[in-house]
file run.cif (mmCIF, C-alpha atoms)
data_work
#
loop_
_atom_site.group_PDB
_atom_site.id
_atom_site.type_symbol
_atom_site.label_atom_id
_atom_site.label_comp_id
_atom_site.auth_asym_id
_atom_site.auth_seq_id
_atom_site.Cartn_x
_atom_site.Cartn_y
_atom_site.Cartn_z
ATOM 1 C CA MET A 127 -9.456 3.367 16.455
ATOM 2 C CA PRO A 128 -9.098 6.433 18.696
ATOM 3 C CA THR A 129 -6.323 8.892 17.964
ATOM 4 C CA GLN A 130 -5.762 9.501 21.658
ATOM 5 C CA ILE A 131 -5.590 7.134 24.565
ATOM 6 C CA SER A 132 -6.955 7.862 28.006
ATOM 7 C CA LEU A 133 -6.926 6.043 31.274
ATOM 8 C CA LEU A 134 -10.536 5.000 30.632
ATOM 9 C CA ASP A 135 -9.504 3.473 27.291
ATOM 10 C CA ILE A 136 -6.984 1.342 29.144
ATOM 11 C CA PHE A 137 -9.628 0.309 31.661
ATOM 12 C CA ASN A 138 -12.094 -0.609 28.907
ATOM 13 C CA THR A 139 -9.456 -2.606 27.028
ATOM 14 C CA GLU A 140 -7.982 -4.517 29.908
ATOM 15 C CA SER A 141 -10.061 -4.688 33.067
ATOM 16 C CA SER A 142 -7.294 -6.392 35.042
ATOM 17 C CA LEU A 143 -5.189 -3.252 34.579
ATOM 18 C CA SER A 144 -7.995 -1.103 35.939
ATOM 19 C CA ASP A 145 -8.173 -3.311 39.047
ATOM 20 C CA LYS A 146 -4.410 -3.028 39.455
ATOM 21 C CA ILE A 147 -4.259 0.747 38.868
ATOM 22 C CA LEU A 148 -7.294 1.739 40.912
ATOM 23 C CA GLY A 149 -7.160 -0.990 43.522
ATOM 24 C CA GLU A 150 -3.528 -0.925 44.547
ATOM 25 C CA ASN A 151 -2.706 2.772 44.083
ATOM 26 C CA ASP A 152 -3.735 5.954 45.780
ATOM 27 C CA SER A 153 -5.171 8.937 43.884
ATOM 28 C CA TYR A 154 -1.721 10.544 43.459
ATOM 29 C CA VAL A 155 -0.378 7.525 41.506
ATOM 30 C CA THR A 156 -3.574 7.307 39.443
ATOM 31 C CA VAL A 157 -3.225 10.985 38.461
ATOM 32 C CA ARG A 158 0.406 10.367 37.459
ATOM 33 C CA ILE A 159 -0.639 7.456 35.261
ATOM 34 C CA ASN A 160 -3.322 9.630 33.641
ATOM 35 C CA ASN A 161 -0.735 12.381 33.033
ATOM 36 C CA THR A 162 1.511 9.803 31.396
ATOM 37 C CA CYS A 163 -1.331 8.997 29.000
ATOM 38 C CA SER A 164 -1.672 12.716 28.211
ATOM 39 C CA MET A 165 2.061 13.037 27.532
ATOM 40 C CA PHE A 166 1.937 9.970 25.333
ATOM 41 C CA ASN A 167 -0.870 11.564 23.290
ATOM 42 C CA LYS A 168 1.186 14.729 22.745
ATOM 43 C CA MET A 169 4.269 12.755 21.710
ATOM 44 C CA THR A 170 2.252 10.533 19.367
ATOM 45 C CA LYS A 171 0.578 13.517 17.697
ATOM 46 C CA GLY A 172 3.954 15.176 17.185
ATOM 47 C CA GLU A 173 5.483 12.008 15.752
ATOM 48 C CA ILE A 174 2.584 11.536 13.356
ATOM 49 C CA ILE A 175 2.974 15.076 12.031
ATOM 50 C CA LYS A 176 6.743 14.703 11.832
ATOM 51 C CA HIS A 177 6.672 11.382 9.955
ATOM 52 C CA ARG A 178 3.456 11.733 7.926
ATOM 53 C CA GLU A 179 5.164 11.831 4.528
ATOM 54 C CA GLU A 180 7.485 8.976 5.447
ATOM 55 C CA TYR A 181 4.455 6.974 6.525
ATOM 56 C CA TYR A 182 2.581 7.667 3.296
ATOM 57 C CA SER A 183 5.647 6.866 1.203
ATOM 58 C CA HIS A 184 5.691 3.445 2.811
ATOM 59 C CA TYR A 185 1.982 2.831 3.397
ATOM 60 C CA LEU A 186 0.478 3.968 0.086
ATOM 61 C CA PRO A 187 2.579 1.737 -2.178
ATOM 62 C CA ILE A 188 1.662 -1.290 -0.064
ATOM 63 C CA LYS A 189 -2.045 -0.423 -0.222
ATOM 64 C CA ILE A 190 -1.788 0.187 -3.982
ATOM 65 C CA GLU A 191 -0.039 -3.151 -4.520
ATOM 66 C CA GLN A 192 -2.647 -4.992 -2.425
ATOM 67 C CA THR A 193 -5.500 -3.329 -4.308
ATOM 68 C CA ILE A 194 -3.953 -4.161 -7.692
ATOM 69 C CA GLU A 195 -3.445 -7.774 -6.599
ATOM 70 C CA ASN A 196 -7.057 -7.999 -5.423
ATOM 71 C CA LYS A 197 -8.188 -6.499 -8.734
ATOM 72 C CA MET A 198 -6.141 -9.126 -10.572
ATOM 73 C CA PHE A 199 -7.806 -11.926 -8.598
ATOM 74 C CA SER A 200 -11.164 -10.322 -9.337
ATOM 75 C CA ILE A 201 -10.353 -10.294 -13.053
ATOM 76 C CA LEU A 202 -9.250 -13.943 -12.922
ATOM 77 C CA LYS A 203 -12.289 -15.125 -10.959
ATOM 78 C CA ASN A 204 -13.021 -18.795 -10.866
ATOM 79 C CA HIS A 205 -15.765 -20.779 -9.190
ATOM 80 C CA ASP A 206 -13.743 -21.089 -5.975
ATOM 81 C CA ASN A 207 -13.298 -17.364 -5.320
ATOM 82 C CA LEU A 208 -16.472 -15.764 -6.667
ATOM 83 C CA SER A 209 -17.542 -14.414 -3.283
ATOM 84 C CA LEU A 210 -14.069 -13.386 -2.091
ATOM 85 C CA TYR A 211 -13.445 -10.421 -4.357
ATOM 86 C CA LYS A 212 -15.348 -7.357 -5.438
ATOM 87 C CA GLU A 213 -15.780 -6.385 -9.076
ATOM 88 C CA PRO A 214 -12.717 -4.964 -10.885
ATOM 89 C CA GLU A 215 -14.479 -1.594 -11.168
ATOM 90 C CA ASP A 216 -14.706 -1.402 -7.370
ATOM 91 C CA TYR A 217 -10.950 -1.869 -7.099
ATOM 92 C CA GLU A 218 -10.459 0.810 -9.737
ATOM 93 C CA VAL A 219 -12.401 3.218 -7.507
ATOM 94 C CA GLU A 220 -10.129 2.274 -4.584
ATOM 95 C CA LEU A 221 -7.064 2.910 -6.743
ATOM 96 C CA THR A 222 -8.419 6.344 -7.644
ATOM 97 C CA ILE A 223 -8.849 7.146 -3.954
ATOM 98 C CA LEU A 224 -5.344 5.903 -3.133
ATOM 99 C CA ALA A 225 -3.871 7.876 -6.037
ATOM 100 C CA SER A 226 -5.552 11.032 -4.716
ATOM 101 C CA GLN A 227 -3.459 10.685 -1.532
ATOM 102 C CA ILE A 228 -0.216 10.940 -3.490
ATOM 103 C CA ASN A 229 1.269 14.409 -3.265
ATOM 104 C CA GLU A 230 4.412 16.135 -4.512
ATOM 105 C CA ASN A 231 6.353 15.173 -1.375
ATOM 106 C CA ASN A 232 5.880 11.426 -1.830
ATOM 107 C CA ARG A 233 5.173 11.181 -5.570
ATOM 108 C CA LYS A 234 8.720 10.421 -6.728
ATOM 109 C CA ASN A 235 9.228 7.684 -4.147
ATOM 110 C CA ILE A 236 5.875 6.044 -4.883
ATOM 111 C CA LEU A 237 6.367 6.342 -8.644
ATOM 112 C CA THR A 238 9.755 4.633 -8.361
ATOM 113 C CA LYS A 239 8.196 1.775 -6.373
ATOM 114 C CA MET A 240 5.362 1.372 -8.892
ATOM 115 C CA ILE A 241 7.768 1.381 -11.855
ATOM 116 C CA ASN A 242 9.940 -1.243 -10.139
ATOM 117 C CA GLU A 243 6.889 -3.444 -9.567
ATOM 118 C CA PHE A 244 5.916 -2.992 -13.209
ATOM 119 C CA LYS A 245 9.420 -3.961 -14.368
ATOM 120 C CA ASP A 246 9.359 -7.071 -12.170
ATOM 121 C CA TYR A 247 6.090 -8.244 -13.717
ATOM 122 C CA VAL A 248 7.330 -7.499 -17.247
ATOM 123 C CA SER A 249 10.345 -9.695 -16.484
ATOM 124 C CA GLU A 250 8.195 -12.459 -15.055
ATOM 125 C CA TYR A 251 5.792 -12.373 -17.971
ATOM 126 C CA TYR A 252 8.249 -12.234 -20.845
ATOM 127 C CA LEU A 253 11.526 -13.626 -19.559
ATOM 128 C CA TYR A 254 10.498 -16.402 -17.190
ATOM 129 C CA ASN A 255 7.758 -18.192 -19.048
ATOM 130 C CA SER A 256 7.815 -21.939 -18.492
ATOM 131 C CA ASN A 257 7.529 -24.328 -21.423
ATOM 132 C CA GLY A 258 6.309 -21.571 -23.713
ATOM 133 C CA ARG A 259 3.356 -20.739 -21.444
ATOM 134 C CA ARG A 260 3.300 -17.297 -19.969
ATOM 135 C CA TYR A 261 2.235 -16.758 -16.408
ATOM 136 C CA ILE A 262 -1.225 -15.162 -16.761
ATOM 137 C CA MET A 263 -1.219 -13.543 -13.328
ATOM 138 C CA SER A 264 2.032 -11.716 -14.120
ATOM 139 C CA GLY A 265 0.513 -10.469 -17.357
ATOM 140 C CA VAL A 266 -2.524 -9.030 -15.579
ATOM 141 C CA LEU A 267 -0.376 -7.458 -12.860
ATOM 142 C CA MET A 268 1.979 -6.012 -15.481
ATOM 143 C CA LYS A 269 -0.960 -4.348 -17.256
ATOM 144 C CA GLU A 270 -2.537 -3.096 -14.034
ATOM 145 C CA PHE A 271 0.687 -1.509 -12.751
ATOM 146 C CA TYR A 272 1.231 0.084 -16.172
ATOM 147 C CA ASN A 273 -2.334 1.452 -16.138
ATOM 148 C CA PHE A 274 -1.911 2.787 -12.605
ATOM 149 C CA ILE A 275 1.304 4.573 -13.542
ATOM 150 C CA LYS A 276 -0.111 5.949 -16.788
ATOM 151 C CA ASN A 277 -3.673 6.800 -15.766
ATOM 152 C CA HIS A 278 -3.566 7.522 -12.043
ATOM 153 C CA MET A 279 -0.067 8.927 -11.699
ATOM 154 C CA LYS A 280 -0.216 10.581 -15.146
ATOM 155 C CA TYR A 281 3.281 9.408 -15.988
ATOM 156 C CA GLN A 282 4.631 8.004 -19.236
ATOM 157 C CA ILE A 283 7.382 5.435 -18.719
ATOM 158 C CA THR A 284 10.532 6.321 -20.655
ATOM 159 C CA LYS A 285 13.941 4.790 -21.297
ATOM 160 C CA GLU A 286 15.355 6.960 -18.473
ATOM 161 C CA ASP A 287 13.367 4.853 -16.002
ATOM 162 C CA PHE A 288 15.561 1.857 -16.816
ATOM 163 C CA GLY A 289 19.154 1.246 -15.829
ATOM 164 C CA GLU A 290 21.821 -0.170 -18.087
ATOM 165 C CA ASP A 291 21.120 -3.662 -16.796
ATOM 166 C CA GLU A 292 17.411 -3.244 -17.615
ATOM 167 C CA GLU A 293 17.693 -2.380 -21.316
ATOM 168 C CA GLU A 294 16.269 -5.777 -22.265
ATOM 169 C CA ILE A 295 13.147 -5.077 -20.196
ATOM 170 C CA TYR A 296 12.705 -1.675 -21.855
ATOM 171 C CA ASP A 297 13.106 -3.223 -25.318
ATOM 172 C CA ILE A 298 10.468 -5.826 -24.459
ATOM 173 C CA ILE A 299 8.045 -3.075 -23.411
ATOM 174 C CA ILE A 300 8.632 -1.096 -26.614
ATOM 175 C CA ASN A 301 8.306 -4.186 -28.835
ATOM 176 C CA ASN A 302 5.160 -5.441 -27.046
ATOM 177 C CA ASN A 303 3.404 -2.174 -26.272
ATOM 178 C CA ASN A 304 0.078 -3.603 -27.500
ATOM 179 C CA ASP A 305 0.160 -6.114 -24.619
ATOM 180 C CA LEU A 306 -0.130 -3.238 -22.175
ATOM 181 C CA LEU A 307 -3.286 -1.744 -23.610
#

call {"tool": "encode", "arguments": {"input": "run.cif", "output": "structure tokens"}}
result
Amino acid sequence: MPTQISLLDIFNTESSLSDKILGENDSYVTVRINNTCSMFNKMTKGEIIKHREEYYSHYLPIKIEQTIENKMFSILKNHDNLSLYKEPEDYEVELTILASQINENNRKNILTKMINEFKDYVSEYYLYNSNGRRYIMSGVLMKEFYNFIKNHMKYQITKEDFGEDEEEIYDIIINNNNDLL
């Protein structure tokens, strides 16, 4: 996708607009429309620079979550989805690439989001099991988020990462640490 838009891009995208712009306007109006495209490019470039970290703080966690979910489905392959997912190792490479885009400006925000996801899956796996059967997908996701935090973000989860209302979750993690390995 181009980073700038020109009048020709508009014409190539929507030919009816090109007929309207070139057919019903004189050269003065066409130049004004082209200048508007140029101004739009300058504004867009400025906005991207201005909001880059905000964008990455929102975009990266979503991409990480999607990649971890795809890795989980790859791990839990069955005969119906063999061709839908890559190998788990391929997703691990993607996670490494995504982790390399985390910097000091967005690290804390992303780490908080990853820890919250991890806590949610710990809760689902240990606290909400139905009829004594644990939800396998939650277990895999719990482990994968833990591994991402530990290995890619180089962070060790501590008691300080849990609020007073989350002490039970922390105790579960400490008592079942072998489940995370």

call {"tool": "atom_distance", "arguments": {"input": "run.cif", "atom1": "atom CA of A:Ser183", "atom2": "atom CA of A:Leu224"}}
result
11.9 Å

call {"tool": "resolve_selection", "arguments": {"input": "run.cif", "expression": "the PyMOL selection byres ((chain A and resi 281) around 12)", "output": "PDB file with C-alpha atoms, in the coordinates of the input"}}
result
ATOM      1  CA  ARG A 233       5.173  11.181  -5.570  1.00  0.00           C
ATOM      2  CA  LYS A 234       8.720  10.421  -6.728  1.00  0.00           C
ATOM      3  CA  ILE A 236       5.875   6.044  -4.883  1.00  0.00           C
ATOM      4  CA  LEU A 237       6.367   6.342  -8.644  1.00  0.00           C
ATOM      5  CA  THR A 238       9.755   4.633  -8.361  1.00  0.00           C
ATOM      6  CA  MET A 240       5.362   1.372  -8.892  1.00  0.00           C
ATOM      7  CA  ILE A 241       7.768   1.381 -11.855  1.00  0.00           C
ATOM      8  CA  PHE A 271       0.687  -1.509 -12.751  1.00  0.00           C
ATOM      9  CA  TYR A 272       1.231   0.084 -16.172  1.00  0.00           C
ATOM     10  CA  ASN A 273      -2.334   1.452 -16.138  1.00  0.00           C
ATOM     11  CA  PHE A 274      -1.911   2.787 -12.605  1.00  0.00           C
ATOM     12  CA  ILE A 275       1.304   4.573 -13.542  1.00  0.00           C
ATOM     13  CA  LYS A 276      -0.111   5.949 -16.788  1.00  0.00           C
ATOM     14  CA  ASN A 277      -3.673   6.800 -15.766  1.00  0.00           C
ATOM     15  CA  HIS A 278      -3.566   7.522 -12.043  1.00  0.00           C
ATOM     16  CA  MET A 279      -0.067   8.927 -11.699  1.00  0.00           C
ATOM     17  CA  LYS A 280      -0.216  10.581 -15.146  1.00  0.00           C
ATOM     18  CA  GLN A 282       4.631   8.004 -19.236  1.00  0.00           C
ATOM     19  CA  ILE A 283       7.382   5.435 -18.719  1.00  0.00           C
ATOM     20  CA  THR A 284      10.532   6.321 -20.655  1.00  0.00           C
ATOM     21  CA  ASP A 287      13.367   4.853 -16.002  1.00  0.00           C
TER      22      ASP A 287
END

call {"tool": "resolve_selection", "arguments": {"input": "run.cif", "expression": "the PyMOL selection byres ((chain A and resi 290-295) around 9)", "output": "PDB file with C-alpha atoms, keeping the file's coordinate frame"}}
result
ATOM      1  CA  LYS A 245       9.420  -3.961 -14.368  1.00  0.00           C
ATOM      2  CA  VAL A 248       7.330  -7.499 -17.247  1.00  0.00           C
ATOM      3  CA  SER A 249      10.345  -9.695 -16.484  1.00  0.00           C
ATOM      4  CA  TYR A 252       8.249 -12.234 -20.845  1.00  0.00           C
ATOM      5  CA  LEU A 253      11.526 -13.626 -19.559  1.00  0.00           C
ATOM      6  CA  LYS A 285      13.941   4.790 -21.297  1.00  0.00           C
ATOM      7  CA  PHE A 288      15.561   1.857 -16.816  1.00  0.00           C
ATOM      8  CA  GLY A 289      19.154   1.246 -15.829  1.00  0.00           C
ATOM      9  CA  TYR A 296      12.705  -1.675 -21.855  1.00  0.00           C
ATOM     10  CA  ASP A 297      13.106  -3.223 -25.318  1.00  0.00           C
ATOM     11  CA  ILE A 298      10.468  -5.826 -24.459  1.00  0.00           C
ATOM     12  CA  ILE A 299       8.045  -3.075 -23.411  1.00  0.00           C
ATOM     13  CA  ILE A 300       8.632  -1.096 -26.614  1.00  0.00           C
TER      14      ILE A 300
END

call {"tool": "atom_distance", "arguments": {"input": "run.cif", "atom1": "atom CA of A:Tyr181", "atom2": "atom CA of A:Asn242"}}
result
19.4 Å

call {"tool": "resolve_selection", "arguments": {"input": "run.cif", "expression": "the PyMOL selection byres ((chain A and resi 186) around 9)", "output": "MDAnalysis selection string"}}
result
chainID A and resid 181:185 187:191 224:225 227:228 236

call {"tool": "atom_distance", "arguments": {"input": "run.cif", "atom1": "atom CA of A:Lys197", "atom2": "atom CA of A:Glu250"}}
result
18.5 Å

call {"tool": "decode", "arguments": {"input": "run.cif", "residues": "stretch 266-299 of chain A", "atoms": "C-alpha atoms", "output": "mmCIF file, in the first residue's frame"}}
result
data_model
loop_
_atom_site.group_PDB
_atom_site.id
_atom_site.type_symbol
_atom_site.label_atom_id
_atom_site.label_comp_id
_atom_site.auth_asym_id
_atom_site.auth_seq_id
_atom_site.Cartn_x
_atom_site.Cartn_y
_atom_site.Cartn_z
ATOM 1 C CA VAL A 266 -1.693 -23.629 25.821
ATOM 2 C CA LEU A 267 -2.396 -19.894 25.641
ATOM 3 C CA MET A 268 -1.371 -19.471 29.285
ATOM 4 C CA LYS A 269 1.978 -21.157 28.576
ATOM 5 C CA GLU A 270 2.560 -19.237 25.349
ATOM 6 C CA PHE A 271 1.889 -15.831 26.934
ATOM 7 C CA TYR A 272 4.160 -16.771 29.849
ATOM 8 C CA ASN A 273 6.906 -17.820 27.412
ATOM 9 C CA PHE A 274 6.517 -14.614 25.411
ATOM 10 C CA ILE A 275 6.811 -12.489 28.542
ATOM 11 C CA LYS A 276 9.752 -14.468 29.911
ATOM 12 C CA ASN A 277 11.722 -15.195 26.741
ATOM 13 C CA HIS A 278 10.914 -12.388 24.321
ATOM 14 C CA MET A 279 10.307 -9.533 26.732
ATOM 15 C CA LYS A 280 12.958 -10.816 29.174
ATOM 16 C CA TYR A 281 10.693 -10.195 32.140
ATOM 17 C CA GLN A 282 10.102 -12.337 35.207
ATOM 18 C CA ILE A 283 6.561 -12.062 36.558
ATOM 19 C CA THR A 284 6.518 -11.118 40.240
ATOM 20 C CA LYS A 285 3.931 -10.625 42.968
ATOM 21 C CA GLU A 286 4.014 -6.862 42.252
ATOM 22 C CA ASP A 287 2.338 -7.569 38.907
ATOM 23 C CA PHE A 288 -0.810 -8.666 40.735
ATOM 24 C CA GLY A 289 -3.325 -6.524 42.564
ATOM 25 C CA GLU A 290 -4.892 -7.365 45.888
ATOM 26 C CA ASP A 291 -7.859 -8.941 44.138
ATOM 27 C CA GLU A 292 -5.508 -11.149 42.091
ATOM 28 C CA GLU A 293 -3.604 -12.823 44.936
ATOM 29 C CA GLU A 294 -5.352 -16.126 44.226
ATOM 30 C CA ILE A 295 -4.086 -16.054 40.633
ATOM 31 C CA TYR A 296 -0.528 -15.358 41.810
ATOM 32 C CA ASP A 297 -0.719 -18.215 44.330
ATOM 33 C CA ILE A 298 -1.914 -20.559 41.582
ATOM 34 C CA ILE A 299 1.058 -19.577 39.404
#
